[in-house]
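Everything below belongs to coords.cif, which stores mmCIF, C-alpha atoms.
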data_query
#
loop_
_atom_site.label_atom_id
_atom_site.label_comp_id
_atom_site.auth_asym_id
_atom_site.auth_seq_id
_atom_site.Cartn_x
_atom_site.Cartn_y
_atom_site.Cartn_z
CA MET A 1176 6.33 -72.57 33.52
CA ASP A 1177 5.22 -71.80 29.96
CA GLN A 1178 7.14 -68.76 28.63
CA LYS A 1179 4.55 -68.02 25.93
CA LEU A 1180 1.56 -68.15 28.31
CA THR A 1181 3.39 -66.06 30.90
CA GLY A 1182 4.27 -63.49 28.25
CA GLN A 1183 0.66 -63.29 27.08
CA PHE A 1184 -0.47 -62.86 30.71
CA ILE A 1185 2.02 -60.02 31.31
CA ALA A 1186 0.87 -58.28 28.10
CA LYS A 1187 -2.81 -58.67 29.07
CA ILE A 1188 -2.37 -57.22 32.58
CA ARG A 1189 -0.08 -54.45 31.30
CA LYS A 1190 -2.75 -53.34 28.81
CA GLU A 1191 -5.44 -53.52 31.52
CA LYS A 1192 -3.29 -51.12 33.56
CA GLY A 1193 -3.03 -48.79 30.56
CA LEU A 1194 0.75 -49.11 30.32
CA THR A 1195 2.87 -49.34 27.18
CA GLN A 1196 5.89 -51.63 27.02
CA ARG A 1197 8.15 -48.58 27.28
CA GLN A 1198 6.32 -47.24 30.37
CA LEU A 1199 6.52 -50.61 32.11
CA ALA A 1200 10.21 -50.88 31.22
CA GLU A 1201 10.92 -47.42 32.66
CA LEU A 1202 9.20 -48.32 35.94
CA LEU A 1203 11.39 -51.46 36.17
CA LEU A 1204 14.56 -49.62 35.02
CA ILE A 1205 15.06 -52.01 32.10
CA SER A 1206 14.81 -51.72 28.31
CA ASP A 1207 11.51 -52.00 26.45
CA LYS A 1208 13.17 -54.77 24.39
CA THR A 1209 13.27 -56.89 27.56
CA VAL A 1210 9.54 -56.38 28.14
CA SER A 1211 8.89 -57.24 24.48
CA LYS A 1212 10.99 -60.36 24.94
CA TRP A 1213 8.84 -61.49 27.86
CA GLU A 1214 5.56 -60.81 26.07
CA THR A 1215 6.57 -62.65 22.88
CA GLY A 1216 7.65 -65.74 24.82
CA GLY A 1217 11.38 -65.24 24.26
CA GLY A 1218 12.26 -65.12 27.94
CA LEU A 1219 11.06 -64.78 31.52
CA PRO A 1220 11.58 -62.08 34.16
CA GLU A 1221 14.60 -62.79 36.33
CA VAL A 1222 14.05 -63.31 40.05
CA SER A 1223 15.12 -59.77 41.04
CA LEU A 1224 12.41 -58.29 38.77
CA MET A 1225 9.51 -60.57 39.66
CA LEU A 1226 8.39 -58.77 42.83
CA PRO A 1227 8.64 -55.24 41.33
CA LEU A 1228 6.83 -56.43 38.19
CA CYS A 1229 4.04 -58.04 40.21
CA LYS A 1230 3.67 -54.91 42.36
CA ILE A 1231 3.30 -52.68 39.28
CA LEU A 1232 0.82 -55.04 37.62
CA GLY A 1233 -1.11 -55.68 40.83
CA ILE A 1234 -0.67 -59.47 40.75
CA THR A 1235 1.06 -62.07 42.93
CA VAL A 1236 4.18 -64.03 42.02
CA ASN A 1237 2.10 -67.21 41.93
CA GLU A 1238 -0.26 -65.59 39.44
CA LEU A 1239 2.73 -64.59 37.34
CA LEU A 1240 4.17 -68.12 37.45
CA SER A 1241 0.75 -69.63 36.72
CA ALA A 1242 -0.02 -67.09 33.96
CA GLU A 1243 -3.54 -66.53 35.28
CA ARG A 1244 -5.52 -64.84 38.03
CA ILE A 1245 -5.86 -67.08 41.10
CA SER A 1246 -8.70 -67.01 43.63
CA GLU A 1247 -7.94 -67.18 47.35
CA THR A 1248 -9.13 -70.79 47.55
CA GLU A 1249 -6.77 -71.85 44.74
CA TYR A 1250 -3.78 -69.80 45.91
CA LYS A 1251 -2.16 -72.42 48.15
CA LYS A 1252 -2.64 -75.18 45.59
CA LYS A 1253 -1.06 -73.10 42.81
CA ALA A 1254 1.84 -72.12 45.09
CA GLU A 1255 2.59 -75.78 45.77
CA GLU A 1256 2.30 -76.66 42.07
CA ASN A 1257 4.72 -73.89 41.07
CA LEU A 1258 7.21 -74.93 43.74
CA MET A 1259 7.06 -78.56 42.60
CA ASN A 1260 7.52 -77.50 38.96
CA LEU A 1261 10.70 -75.61 39.87
CA ILE A 1262 12.01 -78.60 41.85
CA GLU A 1263 11.28 -80.97 38.95
CA GLU A 1264 12.92 -78.58 36.51
CA ARG A 1265 16.10 -78.52 38.60
CA LYS A 1266 16.12 -82.33 38.89
CA GLU A 1267 15.64 -82.73 35.13
CA ASN A 1268 18.50 -80.35 34.38
CA LYS A 1269 20.76 -82.25 36.81
CA ARG A 1270 19.92 -85.47 34.95
CA LYS A 1271 20.86 -83.79 31.67
CA LEU A 1272 24.24 -82.75 33.09
CA TRP A 1273 24.93 -86.28 34.36
CA LEU A 1274 24.01 -87.63 30.92
CA GLU A 1275 26.45 -85.11 29.46
CA VAL A 1276 29.22 -86.55 31.64
CA VAL A 1277 28.39 -90.11 30.51
CA ILE A 1278 28.42 -89.06 26.84
CA MET A 1279 31.74 -87.28 27.36
CA VAL A 1280 33.36 -90.44 28.78
CA ILE A 1281 31.95 -92.65 26.00
CA THR A 1282 32.99 -90.13 23.33
CA LEU A 1283 36.55 -89.79 24.59
CA LEU A 1284 37.05 -93.52 25.11
CA GLY A 1285 35.42 -94.52 21.82
CA GLY A 1286 36.99 -91.85 19.64
CA THR A 1287 40.52 -92.06 21.04
CA THR A 1288 40.48 -95.89 21.06
CA ILE A 1289 39.60 -96.05 17.36
CA ILE A 1290 42.21 -93.42 16.46
CA LEU A 1291 44.89 -95.24 18.47
CA LEU A 1292 44.01 -98.54 16.77
CA ALA A 1293 44.39 -96.87 13.38
CA SER A 1294 47.72 -95.36 14.41
CA TYR A 1295 49.49 -98.35 15.98
CA PHE A 1296 48.30 -101.41 14.05
CA GLU A 1297 49.40 -102.43 10.56
CA MET A 1298 46.61 -102.08 8.00
CA ALA A 1299 45.92 -100.77 4.55
CA ILE A 1300 46.08 -97.00 4.22
CA GLY A 1301 42.40 -96.89 3.21
CA TRP A 1302 41.32 -98.66 6.39
CA ARG A 1303 43.60 -96.43 8.47
CA ILE A 1304 42.05 -93.27 7.03
CA ALA A 1305 38.53 -94.68 7.44
CA LEU A 1306 39.10 -95.55 11.12
CA ILE A 1307 40.59 -92.13 11.88
CA CYS A 1308 37.61 -90.45 10.20
CA ILE A 1309 35.21 -92.61 12.24
CA GLY A 1310 37.05 -91.75 15.46
CA VAL A 1311 36.95 -88.03 14.70
CA ALA A 1312 33.26 -88.24 13.73
CA ILE A 1313 32.43 -89.95 17.04
CA MET A 1314 34.23 -87.23 18.99
CA VAL A 1315 32.66 -84.36 17.04
CA GLY A 1316 29.19 -85.93 17.31
CA GLY A 1317 29.56 -86.56 21.03
CA ILE A 1318 30.77 -83.01 21.70
CA SER A 1319 27.82 -81.60 19.71
CA VAL A 1320 25.33 -83.65 21.75
CA MET A 1321 27.03 -82.52 24.98
CA CYS A 1322 26.73 -78.87 23.95
CA VAL A 1323 23.02 -79.22 23.12
CA LEU A 1324 22.35 -80.95 26.46
CA GLU A 1325 24.19 -78.31 28.47
CA LEU A 1326 22.47 -75.42 26.69
CA SER A 1327 19.06 -76.98 27.40
CA ALA A 1328 19.88 -77.50 31.09
CA GLY A 1329 19.45 -74.00 32.51
CA GLY A 1330 21.63 -71.01 31.68
CA TYR A 1331 24.31 -68.69 33.06
CA GLN A 1332 24.38 -65.83 35.58
CA CYS A 1333 26.43 -62.68 35.02
CA GLN A 1334 28.71 -62.06 38.00
CA LYS A 1335 28.46 -58.27 37.56
CA CYS A 1336 24.73 -57.51 37.25
CA LYS A 1337 23.42 -60.96 38.34
CA ALA A 1338 21.21 -61.25 35.24
CA LYS A 1339 20.50 -64.81 34.09
CA PHE A 1340 20.45 -65.71 30.41
CA VAL A 1341 20.85 -68.47 27.83
CA PRO A 1342 23.78 -67.73 25.46
CA SER A 1343 23.62 -68.29 21.74
CA PHE A 1344 25.14 -71.55 20.49
CA GLY A 1345 28.05 -69.67 18.87
CA ALA A 1346 28.86 -67.71 22.04
CA TYR A 1347 28.64 -70.91 24.07
CA ILE A 1348 31.03 -72.80 21.77
CA MET A 1349 33.59 -69.98 21.59
CA GLY A 1350 33.54 -69.12 25.31
CA ALA A 1351 36.43 -70.31 27.47
CA HIS A 1352 35.11 -72.37 30.36
CA THR A 1353 35.71 -74.32 33.55
CA ILE A 1354 33.36 -76.87 35.12
CA MET A 1355 30.94 -74.28 36.59
CA TYR A 1356 31.84 -71.06 34.73
CA ARG A 1357 31.99 -69.87 31.12
CA ARG A 1358 33.35 -66.57 29.82
CA LEU A 1359 30.38 -64.87 28.10
CA LYS A 1360 29.08 -61.42 27.27
CA CYS A 1361 26.06 -60.54 29.37
CA PRO A 1362 23.16 -59.38 27.14
CA LYS A 1363 21.91 -57.06 29.90
CA CYS A 1364 24.99 -55.10 31.05
CA GLY A 1365 27.22 -55.88 28.04
CA VAL A 1366 30.17 -56.96 30.21
CA ARG A 1367 32.17 -60.06 29.26
CA ASN A 1368 32.97 -62.01 32.43
CA TRP A 1369 33.03 -65.50 33.97
CA CYS A 1370 29.33 -66.35 34.19
CA LYS A 1371 28.19 -69.01 36.64
CA ARG A 1372 26.13 -72.04 35.61
CA THR A 1373 22.53 -72.01 36.87
CA LEU A 1374 20.15 -74.97 36.67
CA THR A 1375 16.76 -73.28 36.97
CA LEU A 1376 15.10 -72.15 33.75
CA GLY A 1377 12.21 -70.49 35.52
CA ASP A 1378 14.14 -67.26 36.03
CA VAL A 1379 16.32 -67.28 32.90
CA GLU A 1380 16.09 -64.82 30.02
CA GLU A 1381 16.83 -65.93 26.47
CA GLU A 1382 19.57 -63.98 24.69
CA PRO A 1383 18.10 -63.46 21.18
CA GLU A 1384 16.20 -60.17 20.81
CA ASN A 1385 12.57 -59.99 19.64
CA LYS A 1386 11.05 -56.92 18.02
CA GLU A 1387 8.42 -54.98 19.96
CA GLU A 1388 4.89 -55.44 18.77
#
Can you dump the structure from the file as structure tokens?
Amino acid sequence: MDQKLTGQFIAKIRKEKGLTQRQLAELLLISDKTVSKWETGGGLPEVSLMLPLCKILGITVNELLSAERISETEYKKKAEENLMNLIEERKENKRKLWLEVVIMVITLLGGTTIILLASYFEMAIGWRIALICIGVAIMVGGISVMCVLELSAGGYQCQKCKAKFVPSFGAYIMGAHTIMYRRLKCPKCGVRNWCKRTLTLGDVEEEPENKEE
């Protein structure tokens, strides 16, 4: 699902209906910044808004996901394609999370082993410092790669308003976390809570704001 193409499609149909971004936002009970975000390719409508949005615009969910009008003969084919895309997206994100686990194990074993070697074996002070620096660099590099992988594998869902979003890198790093939850501030309701991990990007909104055209 191409965010930019979907955004352009929403903007096109909205203008055909004679609606401004603010009017569409009011009908959906959301901010006009969210509509602007969709139309500029910065995010996608969450699942709870897809049906109301399609009803207002006079399109089907499959047309929204495909970012184009679909004839009756093509409808079933497009529906199957969109379903398969979502399944593949989920599988790909699961692979990323498994890769993250592998990198974590390699990072911890490699970094701590080198640091322990530098700490317990006799060697020149220069070599000791060099090995410790290498061990720390391995751990920092591995953690950075893990963070990038996890951020690219889906997003998080607010437990209060159920909105789905991708946090900024800074918020992600600073947020306390467990295996499936991370304490983040929801960009929609503004509440900081334990947000649940979600693997599907198709219904996730990006956090950074875009200015309305």
Distance cut-off 12 Å, centre (27.7, -65.7, 19.2) in file coordinates, counting only C-alpha atoms: which residues qualify? Return them as an mmCIF file with C-alpha atoms, keeping the file's coordinate frame.
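Produced file out.cif, reproduced below:
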data_model
loop_
_atom_site.group_PDB
_atom_site.id
_atom_site.type_symbol
_atom_site.label_atom_id
_atom_site.label_comp_id
_atom_site.auth_asym_id
_atom_site.auth_seq_id
_atom_site.Cartn_x
_atom_site.Cartn_y
_atom_site.Cartn_z
ATOM 1 C CA VAL A 1341 20.850 -68.470 27.830
ATOM 2 C CA PRO A 1342 23.780 -67.730 25.460
ATOM 3 C CA SER A 1343 23.620 -68.290 21.740
ATOM 4 C CA PHE A 1344 25.140 -71.550 20.490
ATOM 5 C CA GLY A 1345 28.050 -69.670 18.870
ATOM 6 C CA ALA A 1346 28.860 -67.710 22.040
ATOM 7 C CA TYR A 1347 28.640 -70.910 24.070
ATOM 8 C CA ILE A 1348 31.030 -72.800 21.770
ATOM 9 C CA MET A 1349 33.590 -69.980 21.590
ATOM 10 C CA GLY A 1350 33.540 -69.120 25.310
ATOM 11 C CA LEU A 1359 30.380 -64.870 28.100
ATOM 12 C CA LYS A 1360 29.080 -61.420 27.270
ATOM 13 C CA CYS A 1361 26.060 -60.540 29.370
ATOM 14 C CA PRO A 1362 23.160 -59.380 27.140
ATOM 15 C CA GLU A 1382 19.570 -63.980 24.690
ATOM 16 C CA PRO A 1383 18.100 -63.460 21.180
#
*Give me the residues within 8 Å of Ser1206 in chain A as a list in words, counting all atoms listed in the file and dropping any in the same chain fewer than 5 places off.*
Arg1197, Ala1200 and Glu1201 of chain A
Store the residues picked out above in a file with C-alpha atoms, as a short mmCIF file (atom, residue, chain, number, x, y, z; two decimals), in the frame of the given file.
data_model
loop_
_atom_site.label_atom_id
_atom_site.label_comp_id
_atom_site.auth_asym_id
_atom_site.auth_seq_id
_atom_site.Cartn_x
_atom_site.Cartn_y
_atom_site.Cartn_z
CA ARG A 1197 8.15 -48.58 27.28
CA ALA A 1200 10.21 -50.88 31.22
CA GLU A 1201 10.92 -47.42 32.66
#
Could you pull the residues within 12 Å of range 1327-1331 of chain A, counting all atoms listed in the file, minus those fewer than 6 positions along the same chain, as a short mmCIF file (atom, residue, chain, number, x, y, z; two decimals) with C-alpha atoms, keeping the file's coordinate frame?
data_model
loop_
_atom_site.label_atom_id
_atom_site.label_comp_id
_atom_site.auth_asym_id
_atom_site.auth_seq_id
_atom_site.Cartn_x
_atom_site.Cartn_y
_atom_site.Cartn_z
CA GLY A 1218 12.26 -65.12 27.94
CA GLU A 1221 14.60 -62.79 36.33
CA LEU A 1261 10.70 -75.61 39.87
CA GLU A 1264 12.92 -78.58 36.51
CA ARG A 1265 16.10 -78.52 38.60
CA LYS A 1266 16.12 -82.33 38.89
CA GLU A 1267 15.64 -82.73 35.13
CA ASN A 1268 18.50 -80.35 34.38
CA LYS A 1269 20.76 -82.25 36.81
CA ARG A 1270 19.92 -85.47 34.95
CA LYS A 1271 20.86 -83.79 31.67
CA LEU A 1272 24.24 -82.75 33.09
CA TRP A 1273 24.93 -86.28 34.36
CA LEU A 1274 24.01 -87.63 30.92
CA GLU A 1275 26.45 -85.11 29.46
CA VAL A 1320 25.33 -83.65 21.75
CA MET A 1321 27.03 -82.52 24.98
CA LYS A 1337 23.42 -60.96 38.34
CA ALA A 1338 21.21 -61.25 35.24
CA LYS A 1339 20.50 -64.81 34.09
CA PHE A 1340 20.45 -65.71 30.41
CA VAL A 1341 20.85 -68.47 27.83
CA PRO A 1342 23.78 -67.73 25.46
CA SER A 1343 23.62 -68.29 21.74
CA PHE A 1344 25.14 -71.55 20.49
CA ALA A 1346 28.86 -67.71 22.04
CA TYR A 1347 28.64 -70.91 24.07
CA HIS A 1352 35.11 -72.37 30.36
CA MET A 1355 30.94 -74.28 36.59
CA TYR A 1356 31.84 -71.06 34.73
CA ARG A 1357 31.99 -69.87 31.12
CA ARG A 1358 33.35 -66.57 29.82
CA LEU A 1359 30.38 -64.87 28.10
CA LYS A 1360 29.08 -61.42 27.27
CA CYS A 1361 26.06 -60.54 29.37
CA PRO A 1362 23.16 -59.38 27.14
CA ASN A 1368 32.97 -62.01 32.43
CA TRP A 1369 33.03 -65.50 33.97
CA CYS A 1370 29.33 -66.35 34.19
CA LYS A 1371 28.19 -69.01 36.64
CA ARG A 1372 26.13 -72.04 35.61
CA THR A 1373 22.53 -72.01 36.87
CA LEU A 1374 20.15 -74.97 36.67
CA THR A 1375 16.76 -73.28 36.97
CA LEU A 1376 15.10 -72.15 33.75
CA GLY A 1377 12.21 -70.49 35.52
CA ASP A 1378 14.14 -67.26 36.03
CA VAL A 1379 16.32 -67.28 32.90
CA GLU A 1380 16.09 -64.82 30.02
CA GLU A 1381 16.83 -65.93 26.47
CA GLU A 1382 19.57 -63.98 24.69
#
Test item: residues at most 10 Å from Gln1198 in chain A, all atoms listed in the file, excluding those fewer than 6 positions along its chain, as a PDB file with C-alpha atoms, keeping the file's coordinate frame:
ATOM      1  CA  ARG A1189      -0.080 -54.450  31.300  1.00  0.00           C
ATOM      2  CA  LEU A1204      14.560 -49.620  35.020  1.00  0.00           C
ATOM      3  CA  SER A1206      14.810 -51.720  28.310  1.00  0.00           C
ATOM      4  CA  ASP A1207      11.510 -52.000  26.450  1.00  0.00           C
ATOM      5  CA  VAL A1210       9.540 -56.380  28.140  1.00  0.00           C
TER       6      VAL A1210
END
*range 1299-1311 of chain A environment, 7 Å, only C-alpha atoms, sequence neighbours closer than 5 positions dropped, as a ChimeraX atom specification*: /A:1286-1287,1289-1290,1293
Kindly export the residues of the current selection with C-alpha atoms, as a PDB file, in the frame of the given file.
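Now in out_22.pdb:
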ATOM      1  CA  GLY A1286      36.990 -91.850  19.640  1.00  0.00           C
ATOM      2  CA  THR A1287      40.520 -92.060  21.040  1.00  0.00           C
ATOM      3  CA  ILE A1289      39.600 -96.050  17.360  1.00  0.00           C
ATOM      4  CA  ILE A1290      42.210 -93.420  16.460  1.00  0.00           C
ATOM      5  CA  ALA A1293      44.390 -96.870  13.380  1.00  0.00           C
TER       6      ALA A1293
END
*Using only C-alpha atoms, can you list as a list in words the residues within 12 Å of (3.6, -58.4, 40.6)?*
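Residues with an atom at most 12 Å from (3.6, -58.4, 40.6): Phe1184, Ile1185, Ile1188, Arg1189, Leu1199, Leu1203, Pro1220, Val1222, Ser1223, Leu1224, Met1225, Leu1226, Pro1227, Leu1228, Cys1229, Lys1230, Ile1231, Leu1232, Gly1233, Ile1234, Thr1235, Val1236, Asn1237, Glu1238, Leu1239, Leu1240, Ala1242 and Arg1244 of chain A.
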*Report as a PyMOL selection string the residues that result from applying the PyMOL selection byres ((chain A and resi 1186) around 10) to the structure here.*
chain A and resi 1180-1185+1187-1192+1194-1196+1210-1211+1213-1215
*Taking into account all atoms listed in the file, which residue in the set A:Ile1245, A:Ala1351, A:Ile1205, A:Cys1364 is nearest to Cys1333 in chain A?*
A:Cys1364
*Atomic separation - CA of Lys1212 in chain A relative to CA of Cys1336 in chain A, Å*: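 Calculated distance between CA of Cys1336 in chain A and CA of Lys1212 in chain A is 18.7 Å.
Our summary of the geometry notes that CA of Lys1208 in chain A is positioned 22.8 Å from CA of Leu1326 in chain A.
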*When you draw a straight line from CA of Thr1209 in chain A to CA of Glu1325 in chain A, how long is it in Å?*
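Separation of CA of Thr1209 in chain A and CA of Glu1325 in chain A: 24.1 Å.
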